[in-house]
Amino acid sequence: MQELPPSVILQDYLDKLPIQVQDDFQEIVSLMSLIAPDATLSFKSGIPLFEIDHEGLFGLAARPGYISLYIPDSELLTHFAERLLPAQIGSDCFHFQNLDKMNLNVIAELLGRVKSDLVHKIQHKKIHLH
């Protein structure tokens, strides 16, 4: 059985979302792609996940009534919590109903910081392996 490319799976995922969620979801995916053009798109636990060197960078999921953006750094997420209002903050994600009430610049800054921290971690790991 041939495996579908992630872009086809992403489009299928988007097509199944309620119409009012699709634009916001696609806008966040585009932002993630812009911030991490070198990241690989995969699907784990049924959601789109961006990875660098097989390390989770950020993920996105549509849930009934909201969108969840997952990041692997709960401390960084806590640091951004006030600036992400009115989003609800979880331990590894934040939830928002739509982008109209969110500050996209803050989301971009957070995603950029997550990428920078992960790239630094990967480089540090490679230095210590040699």
# chains A, B, ... in the order shown; residues from 1 in each chain; ligands from 1
>>> residues_around(residues="A:Phe80", least_positions_apart="6", cutoff="10 Å", atoms="only C-alpha atoms", output="list of chain:residue names")
A:Ser74, A:Ile89, A:Val106, A:Ile107, A:Glu109, A:Leu110
>>> residues_around(residues="stretch 11-20 of chain A", least_positions_apart="5", cutoff="8 Å", atoms="only C-alpha atoms", output="ChimeraX atom specification")
/A:25-26,62
>>> write_last_selection(atoms="C-alpha atoms", output="PDB file, in the first residue's frame")
ATOM      1  CA  PHE A  25      -6.233  26.602  10.274  1.00  0.00           C
ATOM      2  CA  GLN A  26      -4.617  27.150   6.878  1.00  0.00           C
ATOM      3  CA  ALA A  62      -8.936  21.351  15.032  1.00  0.00           C
TER       4      ALA A  62
END
>>> select_by_dssp(residues="chain A", states="strand (DSSP E or B)", output="PyMOL selection string")
chain A and resi 40-44+47-52+55-63+66-70+88-89+93-96
>>> atom_distance(atom1="atom CA of A:Ile52", atom2="atom CA of A:Cys93")
18.6 Å
>>> residues_around(residues="A:Ser91", least_positions_apart="6", cutoff="10 Å", atoms="only C-alpha atoms", output="list of chain:residue names")
A:Tyr70, A:Ile71, A:Pro72, A:Asp73, A:Ser74, A:Glu75, A:Leu77, A:Thr78
>>> write_last_selection(atoms="N, CA and C atoms", output="PDB file, in the first residue's frame")
ATOM      1  N   TYR A  70       0.032  23.130  19.434  1.00  0.00           N
ATOM      2  CA  TYR A  70       0.893  22.401  20.371  1.00  0.00           C
ATOM      3  C   TYR A  70       2.342  22.816  20.204  1.00  0.00           C
ATOM      4  N   ILE A  71       2.997  23.038  21.340  1.00  0.00           N
ATOM      5  CA  ILE A  71       4.435  23.297  21.327  1.00  0.00           C
ATOM      6  C   ILE A  71       5.078  22.434  22.416  1.00  0.00           C
ATOM      7  N   PRO A  72       6.353  22.053  22.245  1.00  0.00           N
ATOM      8  CA  PRO A  72       6.980  21.119  23.185  1.00  0.00           C
ATOM      9  C   PRO A  72       7.591  21.771  24.428  1.00  0.00           C
ATOM     10  N   ASP A  73       7.389  23.052  24.637  1.00  0.00           N
ATOM     11  CA  ASP A  73       8.051  23.758  25.731  1.00  0.00           C
ATOM     12  C   ASP A  73       7.017  24.457  26.614  1.00  0.00           C
ATOM     13  N   SER A  74       6.608  23.782  27.687  1.00  0.00           N
ATOM     14  CA  SER A  74       5.572  24.342  28.560  1.00  0.00           C
ATOM     15  C   SER A  74       6.046  25.614  29.270  1.00  0.00           C
ATOM     16  N   GLU A  75       7.328  25.711  29.567  1.00  0.00           N
ATOM     17  CA  GLU A  75       7.859  26.911  30.230  1.00  0.00           C
ATOM     18  C   GLU A  75       7.751  28.129  29.304  1.00  0.00           C
ATOM     19  N   LEU A  77       5.652  28.425  26.830  1.00  0.00           N
ATOM     20  CA  LEU A  77       4.223  28.675  26.687  1.00  0.00           C
ATOM     21  C   LEU A  77       3.707  29.509  27.864  1.00  0.00           C
ATOM     22  N   THR A  78       4.133  29.189  29.058  1.00  0.00           N
ATOM     23  CA  THR A  78       3.747  29.952  30.252  1.00  0.00           C
ATOM     24  C   THR A  78       4.245  31.392  30.140  1.00  0.00           C
TER      25      THR A  78
END
>>> select_by_dssp(residues="stretch 19-56 of chain A", states="helix (DSSP H, G or I)", output="list in words")
Ile19, Gln20, Val21, Gln22, Asp23, Asp24, Phe25, Gln26, Glu27, Ile28, Val29, Ser30, Leu31, Met32, Ser33, Leu34 and Ile35 of chain A
>>> write_last_selection(atoms="C-alpha atoms", output="PDB file, in the first residue's frame")
ATOM      1  CA  ILE A  19     -15.707  25.807   6.687  1.00  0.00           C
ATOM      2  CA  GLN A  20     -15.433  28.532   9.348  1.00  0.00           C
ATOM      3  CA  VAL A  21     -12.268  26.850  10.743  1.00  0.00           C
ATOM      4  CA  GLN A  22     -10.487  26.086   7.463  1.00  0.00           C
ATOM      5  CA  ASP A  23      -9.140  29.595   6.775  1.00  0.00           C
ATOM      6  CA  ASP A  24      -7.743  30.080  10.294  1.00  0.00           C
ATOM      7  CA  PHE A  25      -6.233  26.602  10.274  1.00  0.00           C
ATOM      8  CA  GLN A  26      -4.617  27.150   6.878  1.00  0.00           C
ATOM      9  CA  GLU A  27      -3.290  30.542   7.972  1.00  0.00           C
ATOM     10  CA  ILE A  28      -1.544  28.979  10.985  1.00  0.00           C
ATOM     11  CA  VAL A  29      -0.130  26.133   8.839  1.00  0.00           C
ATOM     12  CA  SER A  30       1.190  28.745   6.382  1.00  0.00           C
ATOM     13  CA  LEU A  31       2.757  30.687   9.256  1.00  0.00           C
ATOM     14  CA  MET A  32       4.404  27.510  10.551  1.00  0.00           C
ATOM     15  CA  SER A  33       5.743  26.759   7.067  1.00  0.00           C
ATOM     16  CA  LEU A  34       7.079  30.296   6.751  1.00  0.00           C
ATOM     17  CA  ILE A  35       8.822  30.169  10.139  1.00  0.00           C
TER      18      ILE A  35
END
>>> closest_residue(among="A:Ser45, A:Gln88, A:Asp53, A:Glu82", to="A:Gln123", atoms="only C-alpha atoms")
A:Asp53
>>> residues_around(residues="A:Ser42", least_positions_apart="6", cutoff="6 Å", atoms="only C-alpha atoms", output="PDB file with C-alpha atoms, in the first residue's frame")
ATOM      1  CA  PRO A   6       1.855  14.706   3.973  1.00  0.00           C
ATOM      2  CA  PRO A  48      -0.349  17.811  11.461  1.00  0.00           C
ATOM      3  CA  LEU A  49       3.043  18.053  13.148  1.00  0.00           C
TER       4      LEU A  49
END
>>> residues_around(residues="A:Gly112", least_positions_apart="4", cutoff="8 Å", atoms="only C-alpha atoms", output="ChimeraX atom specification")
/A:35-36,108,116
>>> write_last_selection(atoms="N, CA and C atoms", output="PDB file, in the first residue's frame")
ATOM      1  N   ILE A  35       7.855  30.088   9.042  1.00  0.00           N
ATOM      2  CA  ILE A  35       8.822  30.169  10.139  1.00  0.00           C
ATOM      3  C   ILE A  35       9.813  29.008  10.088  1.00  0.00           C
ATOM      4  N   ALA A  36       9.336  27.847   9.659  1.00  0.00           N
ATOM      5  CA  ALA A  36      10.200  26.663   9.633  1.00  0.00           C
ATOM      6  C   ALA A  36      10.136  25.990   8.263  1.00  0.00           C
ATOM      7  N   ALA A 108       3.426  34.262  15.905  1.00  0.00           N
ATOM      8  CA  ALA A 108       4.628  34.135  15.073  1.00  0.00           C
ATOM      9  C   ALA A 108       5.893  34.218  15.924  1.00  0.00           C
ATOM     10  N   SER A 116      13.805  28.333  17.098  1.00  0.00           N
ATOM     11  CA  SER A 116      15.163  28.719  17.474  1.00  0.00           C
ATOM     12  C   SER A 116      15.694  27.832  18.607  1.00  0.00           C
TER      13      SER A 116
END
>>> closest_atom_pairs(of="stretch 68-130 of chain A", to="stretch 37-40 of chain A", cutoff="12 Å", atoms="only C-alpha atoms", output="JSON lines")
{"residue": "A:Gly112", "atom": "CA", "partner": "A:Pro37", "partner_atom": "CA", "distance": 11.5}
{"residue": "A:Lys115", "atom": "CA", "partner": "A:Ala39", "partner_atom": "CA", "distance": 9.3}
{"residue": "A:Leu118", "atom": "CA", "partner": "A:Ala39", "partner_atom": "CA", "distance": 11.2}
{"residue": "A:Val119", "atom": "CA", "partner": "A:Ala39", "partner_atom": "CA", "distance": 10.5}
>>> write_last_selection(atoms="C-alpha atoms", output="PDB file, in the first residue's frame")
ATOM      1  CA  GLY A 112       9.955  31.489  15.961  1.00  0.00           C
ATOM      2  CA  LYS A 115      12.085  26.820  16.321  1.00  0.00           C
ATOM      3  CA  LEU A 118      14.874  23.421  19.004  1.00  0.00           C
ATOM      4  CA  VAL A 119      17.539  24.166  16.382  1.00  0.00           C
TER       5      VAL A 119
END
>>> decode(residues="stretch 16-37 of chain A", atoms="N, CA and C atoms", output="compact mmCIF listing (two decimals), in the first residue's frame")
# COMPACT_ATOMS: atom_id res chain seq x y z
N LYS A 16 -11.98 18.24 5.74
CA LYS A 16 -12.93 17.68 6.70
C LYS A 16 -13.30 18.66 7.82
N LEU A 17 -12.61 19.80 7.88
CA LEU A 17 -12.89 20.79 8.92
C LEU A 17 -14.12 21.61 8.56
N PRO A 18 -14.82 22.11 9.58
CA PRO A 18 -15.91 23.05 9.28
C PRO A 18 -15.37 24.24 8.50
N ILE A 19 -16.14 24.73 7.58
CA ILE A 19 -15.71 25.81 6.69
C ILE A 19 -15.20 27.03 7.45
N GLN A 20 -15.83 27.35 8.59
CA GLN A 20 -15.43 28.53 9.35
C GLN A 20 -14.08 28.36 10.03
N VAL A 21 -13.57 27.13 10.11
CA VAL A 21 -12.27 26.85 10.74
C VAL A 21 -11.15 26.75 9.70
N GLN A 22 -11.49 26.38 8.48
CA GLN A 22 -10.49 26.09 7.46
C GLN A 22 -9.52 27.24 7.21
N ASP A 23 -10.02 28.46 7.08
CA ASP A 23 -9.14 29.60 6.78
C ASP A 23 -8.15 29.85 7.91
N ASP A 24 -8.64 29.85 9.15
CA ASP A 24 -7.74 30.08 10.29
C ASP A 24 -6.70 28.97 10.39
N PHE A 25 -7.14 27.74 10.20
CA PHE A 25 -6.23 26.60 10.27
C PHE A 25 -5.15 26.72 9.20
N GLN A 26 -5.57 27.01 7.98
CA GLN A 26 -4.62 27.15 6.88
C GLN A 26 -3.66 28.31 7.11
N GLU A 27 -4.15 29.39 7.69
CA GLU A 27 -3.29 30.54 7.97
C GLU A 27 -2.20 30.18 8.98
N ILE A 28 -2.55 29.40 10.00
CA ILE A 28 -1.54 28.98 10.98
C ILE A 28 -0.56 28.00 10.34
N VAL A 29 -1.03 27.07 9.53
CA VAL A 29 -0.13 26.13 8.84
C VAL A 29 0.84 26.91 7.94
N SER A 30 0.33 27.92 7.24
CA SER A 30 1.19 28.74 6.38
C SER A 30 2.23 29.49 7.21
N LEU A 31 1.83 30.00 8.36
CA LEU A 31 2.76 30.69 9.26
C LEU A 31 3.84 29.72 9.74
N MET A 32 3.43 28.52 10.12
CA MET A 32 4.40 27.51 10.55
C MET A 32 5.39 27.19 9.43
N SER A 33 4.88 27.06 8.22
CA SER A 33 5.74 26.76 7.07
C SER A 33 6.70 27.90 6.78
N LEU A 34 6.24 29.12 6.97
CA LEU A 34 7.08 30.30 6.75
C LEU A 34 8.19 30.37 7.80
N ILE A 35 7.85 30.09 9.04
CA ILE A 35 8.82 30.17 10.14
C ILE A 35 9.81 29.01 10.09
N ALA A 36 9.34 27.85 9.66
CA ALA A 36 10.20 26.66 9.63
C ALA A 36 10.14 25.99 8.26
N PRO A 37 10.67 26.66 7.23
CA PRO A 37 10.59 26.08 5.88
C PRO A 37 11.37 24.78 5.75
